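**Q** Submitted below is the structure of interest, expressed as structure tokens.
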Amino acid sequence: MLAVLEAGFPDVTKFPAAELREVIASRRAPLAYQPDMATVRDVTIDGPGGDLKLRVYVPHSESNDPLPVIVFAHGGGFVFCDLDSHDEFCRSMADAVDAVIVSVDYRLAPEHRAPAAMEDVYAALLWTADNAGEYGGDPDRIALAGDSAGGNLAATVALAARDRGAPRLAAQILVYPVIDDEFTTESYTKYGVGYYNTTDAMRWYWDQYAPEDRSSEYVVPTRAATLAGLPPALVVTAELDPPCSSGEYYAQRLAADGVPVVAHRFDGLFHGFLTFPKLSLTGPARLELWQMIRDVLKVGDSSAR
């Protein structure tokens, strides 16, 4: 599987960002619009950089209570991917977790450098807090989530929400997150070449997103003096992934600062695997992930309301 992925995925360091997006989009399978949702609505809001597109997924639900809401930031190295690239993943999450998903089409690097993407997701969070009820969502149970670069954005927006007095978050869900730019960790040393996601690619992503100043905790969350006061965290990593060690370290720091944390590593799997639904190992892994998300959101627990 890794050999097939590496053969089919472009060397991101060899392309200008705009061309890279076209190459990756051209290899994307057509949208399947599955699982079916009760409603899927594209919304445009006023973002810090102009129009900001969101996609709101409302699942078919048997619950009569307001549903938890997850503000989701997609992966793609801060440079590529969009609402469509993660459409199936968001639908599957909404369906399995029984939650409203608000997916954010944040501004991409290098045209829009840090912290533009973070500020877009933060704006989406504020909009969600004000509008969740219109979609059957519970404004008192809003979580942040993201995979890869989106995991970084979920973590940094959680920090911004704490510091700026935004509505209290129910959880932060970080899926193989790109936490920092430390390229000498154990996982970078072991898996930086030959495991689909590479050290060279990760350096390039960071150089697109934050080429000059990475001192802010709103860019690299480990720069924060303390993580105390952040919402409960679910930190999911993949063993064969260069950023794995950094994700595990961040979970340890959260716990040390008094934040409730569930940390789970999927052994023998690689970066991005959860968005490959046809991979035989993805289905069982997703079932584990969905249950962990339900647990952190306390889905079905009336005491959480």
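Residue numbering restarts at 1 in every chain; chains get A, B, ... in the order shown in the structure tokens, and ligands count up from 1 in that same order.
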Near Pro30 in chain A, within 12 Å and counting only C-alpha atoms, which residues show up once chain neighbours fewer than 2 positions away are dropped, as an MDAnalysis selection string?
**A** chainID A and resid 25:28 32:34 84:88
**Q** Suppose we keep N, CA and C atoms; can you now write the selection as a tab-separated table (two decimals), in the first residue's frame?
**A**
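Below you can see result32.tsv, which holds the result:
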```
chain	number	residue	atom	x	y	z
A	25	ALA	N	-5.96	17.45	-7.00
A	25	ALA	CA	-7.41	17.43	-7.26
A	25	ALA	C	-7.74	16.56	-8.46
A	26	SER	N	-6.86	16.53	-9.47
A	26	SER	CA	-7.12	15.73	-10.67
A	26	SER	C	-7.10	14.24	-10.40
A	27	ARG	N	-6.45	13.84	-9.32
A	27	ARG	CA	-6.35	12.42	-8.98
A	27	ARG	C	-7.42	11.99	-7.97
A	28	ARG	N	-8.26	12.91	-7.59
A	28	ARG	CA	-9.28	12.63	-6.58
A	28	ARG	C	-10.47	11.93	-7.22
A	32	ALA	N	-18.87	10.83	-3.76
A	32	ALA	CA	-19.88	9.77	-3.72
A	32	ALA	C	-21.12	10.20	-2.96
A	33	TYR	N	-21.02	11.30	-2.21
A	33	TYR	CA	-22.13	11.80	-1.40
A	33	TYR	C	-22.68	10.73	-0.47
A	34	GLN	N	-21.76	9.96	0.11
A	34	GLN	CA	-22.12	8.92	1.06
A	34	GLN	C	-21.24	9.05	2.30
A	84	ASP	N	-14.27	19.41	-0.44
A	84	ASP	CA	-14.58	18.19	-1.18
A	84	ASP	C	-13.63	17.05	-0.84
A	85	SER	N	-12.37	17.35	-0.61
A	85	SER	CA	-11.39	16.29	-0.34
A	85	SER	C	-11.75	15.50	0.92
A	86	HIS	N	-12.41	16.15	1.87
A	86	HIS	CA	-12.75	15.49	3.14
A	86	HIS	C	-14.26	15.32	3.29
A	87	ASP	N	-14.99	15.38	2.18
A	87	ASP	CA	-16.45	15.27	2.25
A	87	ASP	C	-16.88	13.92	2.80
A	88	GLU	N	-16.32	12.85	2.26
A	88	GLU	CA	-16.70	11.51	2.73
A	88	GLU	C	-16.33	11.32	4.19
```
**Q** Please provide as a list in words all residues within 7 Å of His271 in chain A, with the sequence filter that same-chain residues fewer than 5 positions apart are discarded (counting only C-alpha atoms).
**A**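 Counting only the stated atoms, we get Tyr176, Asn197, Ala238 and Asp241 of chain A.
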**Q** The selected residues should be written to file as a compact mmCIF listing (two decimals), in the first residue's frame (atoms: N, CA and C atoms).
**A**
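selection17.txt was written with the following content:
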```txt
# COMPACT_ATOMS: atom_id res chain seq x y z
N TYR A 176 -3.64 12.53 13.98
CA TYR A 176 -2.23 12.62 13.54
C TYR A 176 -1.86 14.07 13.26
N ASN A 197 4.34 9.89 3.97
CA ASN A 197 4.64 11.25 4.41
C ASN A 197 6.12 11.32 4.76
N ALA A 238 -0.40 7.97 14.32
CA ALA A 238 -0.12 6.77 13.53
C ALA A 238 1.35 6.44 13.70
N ASP A 241 4.47 7.45 11.09
CA ASP A 241 4.24 8.82 10.66
C ASP A 241 5.30 9.73 11.29
```
**Q** Taking 6 positions as the minimum chain separation for residues in the same chain, which residues sit within 9 Å of range 278-285 of chain A when counting only C-alpha atoms? Answer as a list of chain:residue names.
**A**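 Close residues of range 278-285 of chain A: A:Met1, A:Phe266, A:Leu269.
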**Q** Go ahead and write the residues just picked, N, CA, C and O atoms, as a compact mmCIF listing (two decimals), in the first residue's frame.
**A**
```
# COMPACT_ATOMS: atom_id res chain seq x y z
N MET A 1 0.83 -1.20 0.00
CA MET A 1 0.00 0.00 0.00
C MET A 1 0.86 1.25 0.00
O MET A 1 0.63 2.21 -0.74
N PHE A 266 -2.31 4.33 16.48
CA PHE A 266 -2.62 3.22 15.59
C PHE A 266 -1.30 2.64 15.08
O PHE A 266 -0.63 3.23 14.22
N LEU A 269 0.37 1.78 11.03
CA LEU A 269 -0.34 2.59 10.04
C LEU A 269 0.35 3.92 9.83
O LEU A 269 1.20 4.35 10.62
```
**Q** Run DSSP on the backbone and grab whatever in range 125-192 of chain A lands in strand (DSSP E or B); send it over as a PDB file with N, CA, C and O atoms, in the first residue's frame.
**A**
```pdb
ATOM      1  N   GLY A 137     -27.923  21.598  16.457  1.00  0.00           N
ATOM      2  CA  GLY A 137     -26.732  21.403  17.257  1.00  0.00           C
ATOM      3  C   GLY A 137     -26.860  22.021  18.643  1.00  0.00           C
ATOM      4  O   GLY A 137     -27.657  22.925  18.874  1.00  0.00           O
ATOM      5  N   ASP A 138     -26.047  21.529  19.547  1.00  0.00           N
ATOM      6  CA  ASP A 138     -26.024  21.995  20.928  1.00  0.00           C
ATOM      7  C   ASP A 138     -24.904  23.019  21.084  1.00  0.00           C
ATOM      8  O   ASP A 138     -23.728  22.659  21.029  1.00  0.00           O
ATOM      9  N   PRO A 139     -25.216  24.305  21.265  1.00  0.00           N
ATOM     10  CA  PRO A 139     -24.165  25.319  21.384  1.00  0.00           C
ATOM     11  C   PRO A 139     -23.304  25.151  22.626  1.00  0.00           C
ATOM     12  O   PRO A 139     -22.235  25.760  22.730  1.00  0.00           O
ATOM     13  N   ASP A 140     -23.746  24.313  23.557  1.00  0.00           N
ATOM     14  CA  ASP A 140     -22.943  24.049  24.756  1.00  0.00           C
ATOM     15  C   ASP A 140     -22.049  22.824  24.611  1.00  0.00           C
ATOM     16  O   ASP A 140     -21.336  22.464  25.551  1.00  0.00           O
ATOM     17  N   ARG A 141     -22.096  22.166  23.453  1.00  0.00           N
ATOM     18  CA  ARG A 141     -21.217  21.012  23.207  1.00  0.00           C
ATOM     19  C   ARG A 141     -20.589  21.142  21.827  1.00  0.00           C
ATOM     20  O   ARG A 141     -20.926  20.441  20.890  1.00  0.00           O
ATOM     21  N   ILE A 142     -19.664  22.093  21.723  1.00  0.00           N
ATOM     22  CA  ILE A 142     -18.943  22.321  20.474  1.00  0.00           C
ATOM     23  C   ILE A 142     -17.504  21.864  20.658  1.00  0.00           C
ATOM     24  O   ILE A 142     -16.839  22.222  21.641  1.00  0.00           O
ATOM     25  N   ALA A 143     -17.021  21.072  19.721  1.00  0.00           N
ATOM     26  CA  ALA A 143     -15.643  20.584  19.744  1.00  0.00           C
ATOM     27  C   ALA A 143     -14.911  21.055  18.501  1.00  0.00           C
ATOM     28  O   ALA A 143     -15.530  21.375  17.482  1.00  0.00           O
ATOM     29  N   LEU A 144     -13.612  21.079  18.596  1.00  0.00           N
ATOM     30  CA  LEU A 144     -12.735  21.321  17.455  1.00  0.00           C
ATOM     31  C   LEU A 144     -12.100  20.003  17.048  1.00  0.00           C
ATOM     32  O   LEU A 144     -11.757  19.185  17.900  1.00  0.00           O
ATOM     33  N   ALA A 145     -11.934  19.805  15.738  1.00  0.00           N
ATOM     34  CA  ALA A 145     -11.273  18.597  15.264  1.00  0.00           C
ATOM     35  C   ALA A 145     -10.522  18.912  13.980  1.00  0.00           C
ATOM     36  O   ALA A 145     -10.864  19.852  13.259  1.00  0.00           O
ATOM     37  N   GLY A 146      -9.518  18.113  13.701  1.00  0.00           N
ATOM     38  CA  GLY A 146      -8.779  18.255  12.452  1.00  0.00           C
ATOM     39  C   GLY A 146      -7.802  17.123  12.284  1.00  0.00           C
ATOM     40  O   GLY A 146      -7.360  16.509  13.270  1.00  0.00           O
ATOM     41  N   ASP A 147      -7.497  16.825  11.030  1.00  0.00           N
ATOM     42  CA  ASP A 147      -6.496  15.802  10.753  1.00  0.00           C
ATOM     43  C   ASP A 147      -5.271  16.463  10.135  1.00  0.00           C
ATOM     44  O   ASP A 147      -5.371  17.405   9.364  1.00  0.00           O
ATOM     45  N   ALA A 171     -14.364  19.754  23.615  1.00  0.00           N
ATOM     46  CA  ALA A 171     -13.237  18.856  23.346  1.00  0.00           C
ATOM     47  C   ALA A 171     -12.401  19.398  22.201  1.00  0.00           C
ATOM     48  O   ALA A 171     -12.855  20.243  21.418  1.00  0.00           O
ATOM     49  N   GLN A 172     -11.162  18.884  22.101  1.00  0.00           N
ATOM     50  CA  GLN A 172     -10.321  19.075  20.924  1.00  0.00           C
ATOM     51  C   GLN A 172      -9.897  17.688  20.463  1.00  0.00           C
ATOM     52  O   GLN A 172      -9.418  16.874  21.250  1.00  0.00           O
ATOM     53  N   ILE A 173     -10.096  17.424  19.193  1.00  0.00           N
ATOM     54  CA  ILE A 173      -9.859  16.096  18.619  1.00  0.00           C
ATOM     55  C   ILE A 173      -8.770  16.241  17.571  1.00  0.00           C
ATOM     56  O   ILE A 173      -8.998  16.801  16.491  1.00  0.00           O
ATOM     57  N   LEU A 174      -7.582  15.752  17.883  1.00  0.00           N
ATOM     58  CA  LEU A 174      -6.401  15.964  17.050  1.00  0.00           C
ATOM     59  C   LEU A 174      -6.000  14.632  16.418  1.00  0.00           C
ATOM     60  O   LEU A 174      -5.571  13.705  17.117  1.00  0.00           O
ATOM     61  N   VAL A 175      -6.137  14.540  15.110  1.00  0.00           N
ATOM     62  CA  VAL A 175      -5.903  13.285  14.395  1.00  0.00           C
ATOM     63  C   VAL A 175      -4.583  13.387  13.628  1.00  0.00           C
ATOM     64  O   VAL A 175      -4.438  14.218  12.734  1.00  0.00           O
TER      65      VAL A 175
END
```
**Q** My list of candidates is A:Val235, A:Val100, A:Ala201, A:Leu67. Which is closest to Lys14 in chain A when distances are computed with only C-alpha atoms?
**A**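 Selected residue with least distance to Lys14 in chain A: A:Ala201.
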**Q** Between A:Ser216, A:Ala117, A:Cys90, A:Pro243, which one has atoms that come closest to Tyr195 in chain A, using only C-alpha atoms?
**A** A:Pro243
**Q** Give me the residues near Glu62 in chain A as a list in words, where near means some atom within 9 Å (using only C-alpha atoms) and where sequence neighbours in that chain fewer than 2 positions away do not count.
**A**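 So the residues in contact are His60, Asn64 and Asp98 of chain A.
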**Q** Per DSSP on the backbone, what are the helix (DSSP H, G or I) residues of range 86-260 of chain A, as a short mmCIF file (atom, residue, chain, number, x, y, z; two decimals) with N, CA, C and O atoms, in the first residue's frame?
**A**
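And here is the file that came out, selection_18.cif:
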```cif
data_model
loop_
_atom_site.label_atom_id
_atom_site.label_comp_id
_atom_site.auth_asym_id
_atom_site.auth_seq_id
_atom_site.Cartn_x
_atom_site.Cartn_y
_atom_site.Cartn_z
N ASP A 87 -14.99 15.38 2.18
CA ASP A 87 -16.45 15.27 2.25
C ASP A 87 -16.88 13.92 2.80
O ASP A 87 -17.72 13.84 3.71
N GLU A 88 -16.32 12.85 2.26
CA GLU A 88 -16.70 11.51 2.73
C GLU A 88 -16.33 11.32 4.19
O GLU A 88 -17.12 10.75 4.98
N PHE A 89 -15.17 11.81 4.60
CA PHE A 89 -14.74 11.66 5.99
C PHE A 89 -15.70 12.40 6.93
O PHE A 89 -16.10 11.86 7.97
N CYS A 90 -16.09 13.62 6.57
CA CYS A 90 -17.00 14.38 7.41
C CYS A 90 -18.37 13.73 7.48
O CYS A 90 -19.00 13.68 8.55
N ARG A 91 -18.86 13.22 6.35
CA ARG A 91 -20.14 12.52 6.36
C ARG A 91 -20.08 11.29 7.26
O ARG A 91 -21.00 11.04 8.06
N SER A 92 -19.00 10.54 7.14
CA SER A 92 -18.88 9.31 7.94
C SER A 92 -18.79 9.64 9.42
O SER A 92 -19.38 8.94 10.26
N MET A 93 -18.07 10.70 9.76
CA MET A 93 -17.97 11.11 11.15
C MET A 93 -19.31 11.57 11.69
O MET A 93 -19.72 11.20 12.80
N ALA A 94 -20.01 12.39 10.92
CA ALA A 94 -21.33 12.86 11.35
C ALA A 94 -22.28 11.70 11.59
O ALA A 94 -23.00 11.64 12.60
N ASP A 95 -22.27 10.74 10.66
CA ASP A 95 -23.17 9.60 10.74
C ASP A 95 -22.84 8.71 11.93
O ASP A 95 -23.74 8.29 12.67
N ALA A 96 -21.56 8.42 12.14
CA ALA A 96 -21.16 7.47 13.18
C ALA A 96 -21.20 8.08 14.58
O ALA A 96 -21.54 7.39 15.55
N VAL A 97 -20.83 9.34 14.67
CA VAL A 97 -20.76 9.99 15.98
C VAL A 97 -22.10 10.57 16.39
O VAL A 97 -22.36 10.80 17.56
N ALA A 116 -3.23 32.88 9.18
CA ALA A 116 -4.48 33.08 8.45
C ALA A 116 -5.42 31.89 8.60
O ALA A 116 -6.62 32.06 8.88
N ALA A 117 -4.92 30.68 8.42
CA ALA A 117 -5.78 29.50 8.52
C ALA A 117 -6.36 29.37 9.92
O ALA A 117 -7.55 29.05 10.09
N MET A 118 -5.53 29.60 10.93
CA MET A 118 -6.01 29.52 12.30
C MET A 118 -7.13 30.54 12.54
O MET A 118 -8.16 30.21 13.15
N GLU A 119 -6.95 31.76 12.06
CA GLU A 119 -7.96 32.79 12.27
C GLU A 119 -9.26 32.45 11.55
O GLU A 119 -10.36 32.76 12.04
N ASP A 120 -9.17 31.79 10.40
CA ASP A 120 -10.38 31.36 9.69
C ASP A 120 -11.14 30.31 10.50
O ASP A 120 -12.38 30.37 10.62
N VAL A 121 -10.43 29.34 11.03
CA VAL A 121 -11.10 28.31 11.82
C VAL A 121 -11.67 28.91 13.11
O VAL A 121 -12.75 28.53 13.56
N TYR A 122 -10.97 29.87 13.67
CA TYR A 122 -11.49 30.56 14.86
C TYR A 122 -12.79 31.29 14.52
O TYR A 122 -13.76 31.24 15.28
N ALA A 123 -12.81 31.97 13.39
CA ALA A 123 -14.03 32.66 12.96
C ALA A 123 -15.17 31.67 12.76
O ALA A 123 -16.33 31.94 13.10
N ALA A 124 -14.86 30.50 12.19
CA ALA A 124 -15.87 29.46 12.01
C ALA A 124 -16.40 28.97 13.35
O ALA A 124 -17.60 28.68 13.49
N LEU A 125 -15.52 28.88 14.34
CA LEU A 125 -15.95 28.48 15.68
C LEU A 125 -16.94 29.48 16.26
O LEU A 125 -17.99 29.09 16.80
N LEU A 126 -16.64 30.76 16.14
CA LEU A 126 -17.55 31.79 16.66
C LEU A 126 -18.90 31.74 15.94
O LEU A 126 -19.96 31.86 16.57
N TRP A 127 -18.86 31.57 14.60
CA TRP A 127 -20.11 31.46 13.85
C TRP A 127 -20.90 30.25 14.31
O TRP A 127 -22.13 30.32 14.49
N THR A 128 -20.23 29.14 14.53
CA THR A 128 -20.89 27.92 14.96
C THR A 128 -21.56 28.11 16.32
O THR A 128 -22.69 27.64 16.54
N ALA A 129 -20.88 28.77 17.23
CA ALA A 129 -21.45 29.01 18.55
C ALA A 129 -22.75 29.82 18.45
O ALA A 129 -23.70 29.59 19.22
N ASP A 130 -22.80 30.72 17.49
CA ASP A 130 -24.00 31.57 17.33
C ASP A 130 -25.11 30.89 16.53
O ASP A 130 -26.28 31.28 16.67
N ASN A 131 -24.76 29.90 15.70
CA ASN A 131 -25.74 29.37 14.75
C ASN A 131 -26.01 27.87 14.89
O ASN A 131 -26.81 27.33 14.12
N ALA A 132 -25.36 27.21 15.84
CA ALA A 132 -25.50 25.75 15.94
C ALA A 132 -26.94 25.32 16.09
O ALA A 132 -27.36 24.29 15.54
N GLY A 133 -27.72 26.09 16.84
CA GLY A 133 -29.10 25.71 17.09
C GLY A 133 -29.94 25.60 15.83
O GLY A 133 -30.90 24.81 15.78
N GLU A 134 -29.59 26.37 14.80
CA GLU A 134 -30.36 26.33 13.56
C GLU A 134 -30.22 24.98 12.84
O GLU A 134 -31.04 24.64 11.99
N TYR A 135 -29.19 24.23 13.19
CA TYR A 135 -28.92 22.95 12.54
C TYR A 135 -29.15 21.77 13.50
O TYR A 135 -28.69 20.66 13.24
N ALA A 149 -2.50 18.77 9.16
CA ALA A 149 -2.41 20.21 9.37
C ALA A 149 -3.64 20.74 10.07
O ALA A 149 -3.59 21.68 10.88
N GLY A 150 -4.79 20.13 9.79
CA GLY A 150 -6.02 20.51 10.48
C GLY A 150 -5.95 20.21 11.97
O GLY A 150 -6.60 20.89 12.78
N GLY A 151 -5.18 19.20 12.36
CA GLY A 151 -4.97 18.93 13.77
C GLY A 151 -4.21 20.06 14.44
O GLY A 151 -4.48 20.42 15.60
N ASN A 152 -3.24 20.61 13.72
CA ASN A 152 -2.55 21.81 14.22
C ASN A 152 -3.54 22.94 14.42
O ASN A 152 -3.53 23.63 15.46
N LEU A 153 -4.42 23.15 13.45
CA LEU A 153 -5.37 24.25 13.53
C LEU A 153 -6.37 24.04 14.67
O LEU A 153 -6.74 25.00 15.37
N ALA A 154 -6.80 22.81 14.89
CA ALA A 154 -7.69 22.55 16.02
C ALA A 154 -6.99 22.87 17.33
O ALA A 154 -7.58 23.46 18.24
N ALA A 155 -5.72 22.48 17.44
CA ALA A 155 -4.97 22.74 18.68
C ALA A 155 -4.73 24.22 18.90
O ALA A 155 -4.88 24.74 20.02
N THR A 156 -4.36 24.93 17.84
CA THR A 156 -4.07 26.36 18.00
C THR A 156 -5.34 27.18 18.22
O THR A 156 -5.33 28.15 18.98
N VAL A 157 -6.44 26.78 17.57
CA VAL A 157 -7.69 27.49 17.81
C VAL A 157 -8.19 27.24 19.23
O VAL A 157 -8.77 28.13 19.86
N ALA A 158 -7.95 26.05 19.76
CA ALA A 158 -8.30 25.80 21.16
C ALA A 158 -7.55 26.75 22.08
O ALA A 158 -8.13 27.28 23.06
N LEU A 159 -6.30 27.00 21.78
CA LEU A 159 -5.52 27.96 22.57
C LEU A 159 -6.08 29.37 22.42
O LEU A 159 -6.25 30.10 23.41
N ALA A 160 -6.39 29.75 21.19
CA ALA A 160 -6.94 31.09 20.97
C ALA A 160 -8.29 31.25 21.66
O ALA A 160 -8.59 32.31 22.24
N ALA A 161 -9.11 30.21 21.62
CA ALA A 161 -10.41 30.27 22.27
C ALA A 161 -10.25 30.45 23.78
O ALA A 161 -10.98 31.23 24.41
N ARG A 162 -9.30 29.75 24.36
CA ARG A 162 -9.03 29.91 25.80
C ARG A 162 -8.58 31.33 26.11
O ARG A 162 -9.07 31.97 27.04
N ASP A 163 -7.65 31.83 25.32
CA ASP A 163 -7.03 33.13 25.61
C ASP A 163 -7.97 34.30 25.34
O ASP A 163 -7.86 35.35 25.97
N ARG A 164 -8.86 34.14 24.36
CA ARG A 164 -9.73 35.24 23.95
C ARG A 164 -11.11 35.19 24.59
O ARG A 164 -11.96 36.04 24.30
N GLU A 186 12.08 10.90 17.40
CA GLU A 186 12.25 9.47 17.11
C GLU A 186 11.48 9.06 15.85
O GLU A 186 12.00 8.34 14.99
N SER A 187 10.24 9.54 15.73
CA SER A 187 9.44 9.11 14.57
C SER A 187 9.94 9.72 13.28
O SER A 187 9.88 9.08 12.21
N TYR A 188 10.44 10.97 13.32
CA TYR A 188 11.05 11.53 12.11
C TYR A 188 12.30 10.73 11.73
O TYR A 188 12.55 10.48 10.54
N THR A 189 13.07 10.33 12.72
CA THR A 189 14.30 9.58 12.44
C THR A 189 13.99 8.23 11.83
O THR A 189 14.64 7.78 10.88
N LYS A 190 12.96 7.56 12.35
CA LYS A 190 12.64 6.20 11.89
C LYS A 190 11.83 6.19 10.59
O LYS A 190 12.02 5.32 9.74
N TYR A 191 10.91 7.15 10.45
CA TYR A 191 9.91 7.03 9.39
C TYR A 191 9.87 8.24 8.45
O TYR A 191 8.90 8.44 7.72
N THR A 199 9.94 13.54 5.72
CA THR A 199 10.52 14.69 6.40
C THR A 199 10.67 15.86 5.44
O THR A 199 10.37 17.01 5.80
N ASP A 200 11.10 15.60 4.22
CA ASP A 200 11.25 16.68 3.24
C ASP A 200 9.92 17.37 2.98
O ASP A 200 9.85 18.60 2.88
N ALA A 201 8.86 16.58 2.85
CA ALA A 201 7.55 17.16 2.62
C ALA A 201 7.11 18.00 3.82
O ALA A 201 6.58 19.11 3.66
N MET A 202 7.36 17.51 5.01
CA MET A 202 6.95 18.24 6.21
C MET A 202 7.70 19.57 6.33
O MET A 202 7.12 20.60 6.70
N ARG A 203 8.97 19.55 6.02
CA ARG A 203 9.74 20.82 6.02
C ARG A 203 9.15 21.80 5.02
O ARG A 203 9.01 23.00 5.29
N TRP A 204 8.79 21.29 3.85
CA TRP A 204 8.23 22.14 2.80
C TRP A 204 6.89 22.73 3.23
O TRP A 204 6.63 23.91 3.03
N TYR A 205 6.04 21.91 3.85
CA TYR A 205 4.74 22.42 4.32
C TYR A 205 4.94 23.57 5.31
O TYR A 205 4.28 24.61 5.21
N TRP A 206 5.83 23.36 6.25
CA TRP A 206 6.07 24.42 7.24
C TRP A 206 6.64 25.67 6.58
O TRP A 206 6.30 26.79 6.97
N ASP A 207 7.48 25.50 5.58
CA ASP A 207 8.06 26.66 4.89
C ASP A 207 7.00 27.42 4.09
O ASP A 207 7.15 28.62 3.85
N GLN A 208 5.96 26.74 3.67
CA GLN A 208 4.86 27.43 2.98
C GLN A 208 3.99 28.18 3.98
O GLN A 208 3.57 29.32 3.73
N TYR A 209 3.70 27.54 5.09
CA TYR A 209 2.74 28.09 6.06
C TYR A 209 3.36 29.16 6.95
O TYR A 209 2.74 30.21 7.19
N PRO A 221 1.65 25.05 18.70
CA PRO A 221 1.01 25.07 20.02
C PRO A 221 1.93 24.74 21.19
O PRO A 221 1.66 25.15 22.32
N THR A 222 3.03 24.03 20.92
CA THR A 222 3.96 23.73 22.01
C THR A 222 4.70 24.98 22.49
O THR A 222 5.39 24.93 23.51
N ARG A 223 4.58 26.09 21.77
CA ARG A 223 5.20 27.34 22.22
C ARG A 223 4.43 27.96 23.39
O ARG A 223 4.92 28.89 24.03
N CYS A 244 4.47 11.59 14.52
CA CYS A 244 3.88 10.80 15.59
C CYS A 244 4.43 11.19 16.97
O CYS A 244 3.66 11.41 17.91
N SER A 245 5.74 11.27 17.11
CA SER A 245 6.34 11.56 18.42
C SER A 245 5.89 12.91 18.95
O SER A 245 5.63 13.07 20.14
N SER A 246 5.79 13.89 18.07
CA SER A 246 5.36 15.22 18.49
C SER A 246 3.92 15.21 18.99
O SER A 246 3.58 15.88 19.97
N GLY A 247 3.06 14.44 18.33
CA GLY A 247 1.69 14.32 18.79
C GLY A 247 1.62 13.67 20.15
O GLY A 247 0.86 14.11 21.04
N GLU A 248 2.42 12.63 20.35
CA GLU A 248 2.43 11.96 21.66
C GLU A 248 3.00 12.87 22.74
O GLU A 248 2.50 12.89 23.88
N TYR A 249 4.02 13.64 22.40
CA TYR A 249 4.58 14.59 23.36
C TYR A 249 3.55 15.65 23.74
O TYR A 249 3.43 16.03 24.92
N TYR A 250 2.78 16.11 22.78
CA TYR A 250 1.76 17.12 23.07
C TYR A 250 0.70 16.54 24.01
O TYR A 250 0.25 17.23 24.94
N ALA A 251 0.32 15.30 23.81
CA ALA A 251 -0.63 14.66 24.71
C ALA A 251 -0.06 14.60 26.13
O ALA A 251 -0.78 14.84 27.11
N GLN A 252 1.21 14.30 26.24
CA GLN A 252 1.85 14.26 27.56
C GLN A 252 1.87 15.64 28.20
O GLN A 252 1.63 15.78 29.40
N ARG A 253 2.15 16.67 27.41
CA ARG A 253 2.15 18.03 27.96
C ARG A 253 0.76 18.45 28.40
O ARG A 253 0.59 19.09 29.44
N LEU A 254 -0.25 18.11 27.62
CA LEU A 254 -1.61 18.42 28.02
C LEU A 254 -1.93 17.78 29.37
O LEU A 254 -2.47 18.43 30.28
N ALA A 255 -1.62 16.50 29.49
CA ALA A 255 -1.89 15.79 30.74
C ALA A 255 -1.13 16.41 31.91
O ALA A 255 -1.67 16.58 33.01
N ALA A 256 0.13 16.78 31.67
CA ALA A 256 0.94 17.37 32.74
C ALA A 256 0.38 18.71 33.21
O ALA A 256 0.56 19.10 34.37
#
```
**Q** Near Met37 in chain A, within 7 Å and counting only C-alpha atoms, which residues show up once chain neighbours fewer than 3 positions away are dropped, as a short mmCIF file (atom, residue, chain, number, x, y, z; two decimals) with C-alpha atoms, in the first residue's frame?
**A**
```cif
data_model
loop_
_atom_site.label_atom_id
_atom_site.label_comp_id
_atom_site.auth_asym_id
_atom_site.auth_seq_id
_atom_site.Cartn_x
_atom_site.Cartn_y
_atom_site.Cartn_z
CA VAL A 40 -25.71 19.21 3.75
CA TYR A 57 -23.43 18.24 7.75
CA VAL A 58 -26.53 17.21 9.70
CA PRO A 59 -26.91 13.43 10.08
CA HIS A 60 -30.07 11.38 10.21
#
```
**Q** Find the distance between CA of Cys81 in chain A and CA of Ile24 in chain A and write it in Å to one decimal.
**A** 8.1 Å
**Q** What's the separation between CA of Thr13 in chain A and CA of Glu217 in chain A, in Å to one decimal place?
**A** 25.9 Å
**Q** Can you tell me which residues surround range 43-45 of chain A at a distance of at most 8 Å, considering only C-alpha atoms, apart from same-chain residues fewer than 3 positions away, and format the answer as a PyMOL selection string?
**A** chain A and resi 51-56+127
